[in-house]
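Engineer: Next comes final-v8.pdb, PDB, C-alpha atoms:
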```
ATOM      1  CA  MET A   1     -12.262  -6.186 104.966
ATOM      2  CA  ARG A   2      -8.872  -5.032 103.669
ATOM      3  CA  ILE A   3      -7.760  -5.958 100.150
ATOM      4  CA  LEU A   4      -4.255  -5.198  98.899
ATOM      5  CA  VAL A   5      -3.854  -5.137  95.109
ATOM      6  CA  GLY A   6      -0.468  -5.144  93.373
ATOM      7  CA  LEU A   7      -0.211  -3.131  90.147
ATOM      8  CA  ASP A   8       2.547  -2.682  87.581
ATOM      9  CA  GLY A   9       0.745  -1.287  84.565
ATOM     10  CA  SER A  10       0.602  -4.648  82.785
ATOM     11  CA  THR A  11      -2.439  -6.367  81.326
ATOM     12  CA  ALA A  12      -2.128  -8.941  84.100
ATOM     13  CA  SER A  13      -2.447  -6.334  86.836
ATOM     14  CA  ARG A  14      -5.444  -4.799  85.044
ATOM     15  CA  ILE A  15      -7.074  -8.238  85.166
ATOM     16  CA  ALA A  16      -6.414  -8.307  88.920
ATOM     17  CA  THR A  17      -8.180  -4.985  89.501
ATOM     18  CA  ASP A  18     -11.027  -5.972  87.173
ATOM     19  CA  PHE A  19     -11.443  -9.139  89.252
ATOM     20  CA  VAL A  20     -11.685  -7.115  92.474
ATOM     21  CA  ALA A  21     -14.092  -4.646  90.857
ATOM     22  CA  GLY A  22     -16.340  -7.472  89.689
ATOM     23  CA  ARG A  23     -16.928  -9.065  93.111
ATOM     24  CA  SER A  24     -19.397  -8.031  95.835
ATOM     25  CA  TRP A  25     -17.201  -7.385  98.861
ATOM     26  CA  PRO A  26     -18.613  -6.524 102.315
ATOM     27  CA  ALA A  27     -19.710  -2.933 102.883
ATOM     28  CA  GLY A  28     -16.907  -0.803 104.261
ATOM     29  CA  THR A  29     -14.194  -2.794 102.479
ATOM     30  CA  ARG A  30     -10.925  -0.890 102.071
ATOM     31  CA  ILE A  31      -8.936  -1.471  98.904
ATOM     32  CA  ARG A  32      -5.280  -0.455  98.767
ATOM     33  CA  LEU A  33      -3.565  -0.234  95.374
ATOM     34  CA  LEU A  34       0.207  -0.526  95.428
ATOM     35  CA  CYS A  35       2.564   0.196  92.533
ATOM     36  CA  ALA A  36       6.268  -0.545  92.899
ATOM     37  CA  VAL A  37       8.869   1.404  90.924
ATOM     38  CA  GLU A  38      11.464  -1.322  90.685
ATOM     39  CA  PRO A  39      15.137  -0.500  90.054
ATOM     40  CA  HIS A  40      16.318  -1.119  86.505
ATOM     41  CA  VAL A  41      18.973  -3.807  86.358
ATOM     42  CA  ASP A  42      21.181  -4.408  83.332
ATOM     43  CA  TRP A  43      22.133  -8.078  83.587
ATOM     44  CA  THR A  44      24.834  -7.656  80.932
ATOM     45  CA  GLY A  45      26.532  -4.745  82.668
ATOM     46  CA  LEU A  46      26.898  -3.030  79.306
ATOM     47  CA  ALA A  47      23.995  -0.587  79.057
ATOM     48  CA  PRO A  48      23.866   2.452  81.344
ATOM     49  CA  VAL A  49      20.445   3.389  82.729
ATOM     50  CA  ALA A  50      19.190   6.835  81.778
ATOM     51  CA  ASN A  51      18.870   9.241  84.698
ATOM     52  CA  ASP A  52      15.263  10.052  83.957
ATOM     53  CA  THR A  53      14.085   6.428  83.640
ATOM     54  CA  THR A  54      12.800   6.184  87.205
ATOM     55  CA  GLU A  55      10.900   9.468  86.943
ATOM     56  CA  ALA A  56       9.336   8.347  83.680
ATOM     57  CA  ASP A  57       8.278   5.096  85.347
ATOM     58  CA  ARG A  58       6.778   6.981  88.280
ATOM     59  CA  ALA A  59       4.774   9.240  85.994
ATOM     60  CA  LEU A  60       3.422   6.286  84.018
ATOM     61  CA  LEU A  61       2.537   4.259  87.118
ATOM     62  CA  SER A  62       0.933   7.284  88.752
ATOM     63  CA  ASP A  63      -1.449   7.513  85.811
ATOM     64  CA  VAL A  64      -2.165   3.788  86.091
ATOM     65  CA  LEU A  65      -2.958   4.154  89.796
ATOM     66  CA  ASP A  66      -5.344   7.053  89.197
ATOM     67  CA  GLU A  67      -7.177   5.223  86.427
ATOM     68  CA  ARG A  68      -7.482   1.952  88.337
ATOM     69  CA  ALA A  69      -8.535   3.663  91.569
ATOM     70  CA  GLU A  70     -11.323   5.446  89.725
ATOM     71  CA  ALA A  71     -12.522   2.129  88.269
ATOM     72  CA  LEU A  72     -12.684   0.595  91.761
ATOM     73  CA  ARG A  73     -14.391   3.446  93.614
ATOM     74  CA  SER A  74     -17.803   2.647  95.045
ATOM     75  CA  PRO A  75     -20.083   4.106  97.741
ATOM     76  CA  SER A  76     -19.402   0.992  99.822
ATOM     77  CA  HIS A  77     -15.595   0.919  99.292
ATOM     78  CA  VAL A  78     -12.688   3.100 100.320
ATOM     79  CA  VAL A  79      -9.854   3.095  97.769
ATOM     80  CA  GLU A  80      -6.339   4.359  98.473
ATOM     81  CA  SER A  81      -3.203   4.336  96.327
ATOM     82  CA  PHE A  82       0.516   4.016  97.026
ATOM     83  CA  LEU A  83       3.458   4.477  94.661
ATOM     84  CA  GLU A  84       6.782   3.428  96.186
ATOM     85  CA  ASN A  85      10.323   2.580  95.122
ATOM     86  CA  GLY A  86      11.474  -0.995  95.685
ATOM     87  CA  ARG A  87      10.877  -4.617  94.809
ATOM     88  CA  ALA A  88       7.201  -5.402  94.330
ATOM     89  CA  ALA A  89       7.276  -8.595  96.407
ATOM     90  CA  ASP A  90       8.993  -6.894  99.343
ATOM     91  CA  LEU A  91       6.638  -3.897  99.312
ATOM     92  CA  LEU A  92       3.528  -6.054  99.094
ATOM     93  CA  MET A  93       4.734  -8.214 101.981
ATOM     94  CA  ALA A  94       5.460  -5.137 104.090
ATOM     95  CA  HIS A  95       2.086  -3.510 103.396
ATOM     96  CA  ALA A  96       0.219  -6.761 104.006
ATOM     97  CA  GLY A  97       1.815  -7.146 107.414
ATOM     98  CA  GLU A  98       1.677  -3.530 108.593
ATOM     99  CA  TRP A  99      -1.837  -2.906 107.258
ATOM    100  CA  MET A 100      -3.115  -6.333 108.380
ATOM    101  CA  ALA A 101      -4.543  -7.155 104.946
ATOM    102  CA  ASP A 102      -7.210  -9.850 104.679
ATOM    103  CA  LEU A 103      -6.413 -10.622 101.050
ATOM    104  CA  ILE A 104      -3.708  -9.867  98.479
ATOM    105  CA  VAL A 105      -4.710  -9.853  94.807
ATOM    106  CA  VAL A 106      -2.105  -9.850  92.049
ATOM    107  CA  GLY A 107      -2.067 -10.705  88.365
ATOM    108  CA  ASN A 108      -0.121 -13.445  86.680
ATOM    109  CA  ARG A 109       2.573 -11.854  84.543
ATOM    110  CA  GLY A 110       3.376 -15.107  82.785
ATOM    111  CA  LEU A 111       7.143 -14.654  82.813
ATOM    112  CA  GLY A 112       9.126 -17.290  80.981
ATOM    113  CA  ALA A 113      11.203 -19.786  82.925
ATOM    114  CA  ALA A 114      14.459 -17.881  82.378
ATOM    115  CA  ALA A 115      13.000 -14.507  83.368
ATOM    116  CA  SER A 116      11.342 -15.982  86.433
ATOM    117  CA  ALA A 117      14.611 -17.581  87.519
ATOM    118  CA  ILE A 118      16.407 -14.229  87.296
ATOM    119  CA  LEU A 119      13.714 -11.831  88.499
ATOM    120  CA  GLY A 120      11.749 -14.155  90.729
ATOM    121  CA  SER A 121       7.984 -14.569  90.635
ATOM    122  CA  VAL A 122       6.111 -12.018  92.736
ATOM    123  CA  SER A 123       2.990 -14.177  92.896
ATOM    124  CA  ALA A 124       4.922 -17.331  93.856
ATOM    125  CA  HIS A 125       6.801 -15.474  96.591
ATOM    126  CA  LEU A 126       3.553 -14.093  98.008
ATOM    127  CA  VAL A 127       1.760 -17.452  97.924
ATOM    128  CA  ASP A 128       4.628 -19.018  99.885
ATOM    129  CA  ASN A 129       5.258 -16.218 102.382
ATOM    130  CA  ALA A 130       2.364 -13.759 102.718
ATOM    131  CA  PRO A 131       0.651 -13.425 106.117
ATOM    132  CA  CYS A 132      -2.815 -13.618 104.529
ATOM    133  CA  PRO A 133      -4.599 -15.374 101.626
ATOM    134  CA  VAL A 134      -3.291 -14.582  98.128
ATOM    135  CA  LEU A 135      -5.397 -14.641  94.988
ATOM    136  CA  VAL A 136      -3.529 -14.757  91.656
ATOM    137  CA  ALA A 137      -6.066 -13.530  89.100
ATOM    138  CA  ARG A 138      -5.713 -15.032  85.636
ATOM    139  CA  SER A 139      -9.183 -13.908  84.548
ATOM    140  CA  PRO A 140     -11.410 -10.972  85.564
ATOM    141  CA  SER A 141     -14.286 -13.357  86.351
ATOM    142  CA  ILE A 142     -14.806 -16.661  88.129
ATOM    143  CA  THR A 143     -17.501 -19.322  87.667
ATOM    144  CA  ARG A 144     -16.070 -22.466  89.306
ATOM    145  CA  VAL A 145     -13.851 -23.133  92.319
ATOM    146  CA  LEU A 146     -11.765 -26.217  93.105
ATOM    147  CA  LEU A 147     -11.231 -26.383  96.865
ATOM    148  CA  ALA A 148      -8.391 -28.728  97.839
ATOM    149  CA  THR A 149      -8.463 -30.014 101.406
ATOM    150  CA  ASP A 150      -6.436 -32.506 103.429
ATOM    151  CA  GLY A 151      -8.093 -32.156 106.821
ATOM    152  CA  THR A 152      -5.476 -29.777 108.245
ATOM    153  CA  GLU A 153      -6.535 -26.710 110.210
ATOM    154  CA  SER A 154      -5.537 -24.359 107.391
ATOM    155  CA  SER A 155      -7.652 -26.179 104.800
ATOM    156  CA  ARG A 156     -10.575 -26.531 107.227
ATOM    157  CA  SER A 157     -10.561 -22.744 107.644
ATOM    158  CA  ILE A 158     -11.194 -22.064 103.923
ATOM    159  CA  PRO A 159     -15.038 -22.071 104.105
ATOM    160  CA  ARG A 160     -14.937 -19.729 107.108
ATOM    161  CA  ILE A 161     -12.584 -17.336 105.302
ATOM    162  CA  LEU A 162     -14.743 -17.293 102.158
ATOM    163  CA  ALA A 163     -17.857 -16.689 104.254
ATOM    164  CA  ALA A 164     -16.171 -13.681 105.877
ATOM    165  CA  TRP A 165     -15.775 -12.159 102.412
ATOM    166  CA  GLY A 166     -19.533 -11.583 102.187
ATOM    167  CA  GLN A 167     -21.122 -12.140  98.777
ATOM    168  CA  ALA A 168     -17.833 -12.210  96.852
ATOM    169  CA  PHE A 169     -18.102 -15.913  96.003
ATOM    170  CA  ARG A 170     -21.841 -16.520  96.477
ATOM    171  CA  GLY A 171     -23.386 -18.467  93.631
ATOM    172  CA  VAL A 172     -20.041 -19.852  92.429
ATOM    173  CA  ALA A 173     -19.964 -23.619  91.909
ATOM    174  CA  VAL A 174     -17.466 -25.350  94.223
ATOM    175  CA  GLU A 175     -15.941 -28.801  93.879
ATOM    176  CA  VAL A 176     -14.127 -30.131  96.950
ATOM    177  CA  LEU A 177     -11.220 -32.542  96.518
ATOM    178  CA  SER A 178      -9.180 -34.498  99.045
ATOM    179  CA  VAL A 179      -6.483 -36.751  97.585
ATOM    180  CA  ALA A 180      -5.335 -40.091  98.973
ATOM    181  CA  ALA A 181      -1.930 -41.307  97.826
ATOM    182  CA  GLU A 182      -2.092 -43.715  94.899
ATOM    183  CA  GLU A 183      -0.988 -46.663  96.997
ATOM    184  CA  ASP A 184      -3.864 -45.875  99.389
ATOM    185  CA  LEU A 185      -6.619 -46.384  96.823
ATOM    186  CA  PRO A 186      -9.134 -49.057  97.892
ATOM    187  CA  SER A 187      -8.360 -52.632  96.926
ATOM    188  CA  ARG A 188     -10.908 -54.446  94.809
ATOM    189  CA  GLY A 189     -12.424 -57.851  95.552
ATOM    190  CA  LEU A 190     -10.542 -58.538  98.824
ATOM    191  CA  PRO A 191     -12.456 -60.695 101.318
ATOM    192  CA  GLY A 192     -12.674 -60.052 105.027
ATOM    193  CA  GLU A 193     -12.118 -56.821 106.950
ATOM    194  CA  PRO A 194     -11.532 -53.502 105.147
ATOM    195  CA  SER A 195      -7.853 -52.994 104.374
ATOM    196  CA  GLU A 196      -5.773 -50.025 105.499
ATOM    197  CA  GLU A 197      -6.013 -48.741 101.939
ATOM    198  CA  VAL A 198      -9.796 -48.723 102.124
ATOM    199  CA  ALA A 199      -9.697 -46.979 105.507
ATOM    200  CA  GLU A 200      -7.380 -44.262 104.192
ATOM    201  CA  TYR A 201      -9.557 -43.733 101.128
ATOM    202  CA  GLU A 202     -12.654 -43.479 103.318
ATOM    203  CA  LEU A 203     -10.898 -40.937 105.554
ATOM    204  CA  HIS A 204     -10.230 -38.638 102.613
ATOM    205  CA  ARG A 205     -13.785 -39.074 101.354
ATOM    206  CA  GLN A 206     -15.069 -37.951 104.760
ATOM    207  CA  ILE A 207     -12.663 -34.998 104.788
ATOM    208  CA  ALA A 208     -13.995 -33.843 101.423
ATOM    209  CA  GLU A 209     -17.607 -34.308 102.548
ATOM    210  CA  GLU A 210     -17.005 -32.247 105.679
TER     211      GLU A 210
END
```
What would the structure in this file look like if it were written as structure tokens?
Structural biologist:
Amino acid sequence: MRILVGLDGSTASRIATDFVAGRSWPAGTRIRLLCAVEPHVDWTGLAPVANDTTEADRALLSDVLDERAEALRSPSHVVESFLENGRAADLLMAHAGEWMADLIVVGNRGLGAAASAILGSVSAHLVDNAPCPVLVARSPSITRVLLATDGTESSRSIPRILAAWGQAFRGVAVEVLSVAAEEDLPSRGLPGEPSEEVAEYELHRQIAEE
């Protein structure tokens, strides 16, 4: 299995690596840590960027990579680190595709609405566009899973994907949910044959059961 983890030195990215470290992945799993040194942008156009800012960032992120890689090392895992210049979302997408990652794990930075509108959300971009599953870690541990399904091929593949991840999610309680539109909820007290609403509701119940 190949797991790509995005780091930026924040508490959120530490939570992401702690999450990966706390799960039992299949033997031989390869974990790739990627730090992006993003260009500094002054949105006001008034403040010049110091020449040594990028080098200072690289030095700081290099230390973060070393520390996080050491925390993830295990006899059953191979850990490798990359420190590259560029936008985090673009670099993660590129590595995921070229390396054929099975899973991307990132933290939730919790940017405000204004900052997200300007900078973009790395996690949102990955969830929408990545070539593999994306896990946005908001906590270093997990005890319950809500699995949303609608009967499509992608949702039907979720149990198979989780099973391929070995013991990573064994023992975690799972609730499965399939949602019928509000107007499709079963009618009450209607005589005769089941209505279309009842049939639709029953379909989603069967999807969830499956």
Engineer: Can you turn the PyMOL selection byres ((chain A and resi 169) around 12) into a concrete residue list for this file, as a list in words?
Structural biologist: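 Selection result, ordered by chain and number: Phe19, Val20, Gly22, Arg23, Ser24, Trp25, Pro26, Ser141, Ile142, Thr143, Arg144, Val145, Pro159, Ile161, Leu162, Ala163, Ala164, Trp165, Gly166, Gln167, Ala168, Arg170, Gly171, Val172, Ala173 and Val174 of chain A.
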Engineer: Could you jot down the CA of Val64 (chain A) to CA of Asp8 (chain A) separation for me, Å, one decimal place?
Structural biologist: 8.1 Å
Engineer: Between CA of Ser178 (chain A) and CA of Gln206 (chain A), measure the distance and give it in Å to one decimal.
Structural biologist: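 Distance reported for this atom pair: 8.9 Å.
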Engineer: For the PyMOL selection byres ((chain A and resi 2) around 6), applied here, can you spell out every residue it catches as an MDAnalysis selection string?
Structural biologist: chainID A and resid 1 3 29:31 101:102
Engineer: So that I have them on file, write out the residues from the current selection with C-alpha atoms, as a compact mmCIF listing (two decimals), in the frame of the given file.
Structural biologist:
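Ended up saving to result_14.txt:
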```
# COMPACT_ATOMS: atom_id res chain seq x y z
CA MET A 1 -12.26 -6.19 104.97
CA ILE A 3 -7.76 -5.96 100.15
CA THR A 29 -14.19 -2.79 102.48
CA ARG A 30 -10.92 -0.89 102.07
CA ILE A 31 -8.94 -1.47 98.90
CA ALA A 101 -4.54 -7.16 104.95
CA ASP A 102 -7.21 -9.85 104.68
```
Engineer: If I take CA of Gly86 (chain A) and CA of Met100 (chain A), how far is one from the other in Å, to one decimal?
Structural biologist: 20.1 Å
Engineer: Which residues fall under the PyMOL selection byres ((chain A and resi 16) around 8) in this file, as a list in words?
Structural biologist: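 On the file shown, the PyMOL selection byres ((chain A and resi 16) around 8) covers Val5, Ala12, Ser13, Arg14, Ile15, Thr17, Asp18, Phe19, Val20, Val105, Val106, Gly107, Val136, Ala137, Arg138, Ser139 and Pro140 of chain A.
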Engineer: Go through A:Ser81, A:Thr149, A:Ser155, A:Ser123 one by one, measure the shortest atom-to-atom distance of each to Leu61 (chain A) using all atoms listed in the file, and give the residue with the smallest value.
Structural biologist: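 Once distances to Leu61 (chain A) are computed over all atoms listed in the file, the minimum belongs to A:Ser81.
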Engineer: Within 8 Å of Met93 (chain A), counting all atoms listed in the file, which residues show up once you throw out same-chain ones fewer than 4 positions away? Write them as a PyMOL selection string, please.
Structural biologist: chain A and resi 89+97+126+130-131
Engineer: Pick out the closest residue to Gly9 (chain A) from this set: A:Arg32, A:Arg156, A:His77, A:Arg109. Count all atoms listed in the file.
Structural biologist: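 With all atoms listed in the file as the atom set, the closest residue is A:Arg109.
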Engineer: Rank nothing, just name the residue among A:Asp90, A:Glu38, A:Glu209, A:Glu80 nearest to Asp66 (chain A), using all atoms listed in the file.
Structural biologist: A:Glu80
Engineer: Which is closest to Glu153 (chain A) among A:Ala199, A:Ile207, A:Leu135, A:Val176, if we use only C-alpha atoms?
Structural biologist: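 Smallest distance to Glu153 (chain A) is found for A:Ile207.
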Engineer: For each of A:Leu4, A:Ala21, A:Leu91, A:Val179, take the minimum atom-to-atom distance to Arg68 (chain A), counting only C-alpha atoms, then give the residue where this is smallest.
Structural biologist: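 So, comparing all the options, the nearest one is A:Ala21.
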Engineer: Closest to Asn108 (chain A) among A:Glu210, A:Val198, A:Leu7, A:Val37, using only C-alpha atoms?
Structural biologist: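 Answer, going by the shortest atom-to-atom distance: A:Leu7.
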Engineer: For region 56-73 of chain A, what centre and edge lengths in Å (one decimal) does the axis-aligned box get once 8 Å is added on each side of all its listed atoms, as JSON?
Structural biologist:
```
{"center_x": -2.5, "center_y": 4.9, "center_z": 88.6, "size_x": 39.7, "size_y": 24.6, "size_z": 25.9}
```
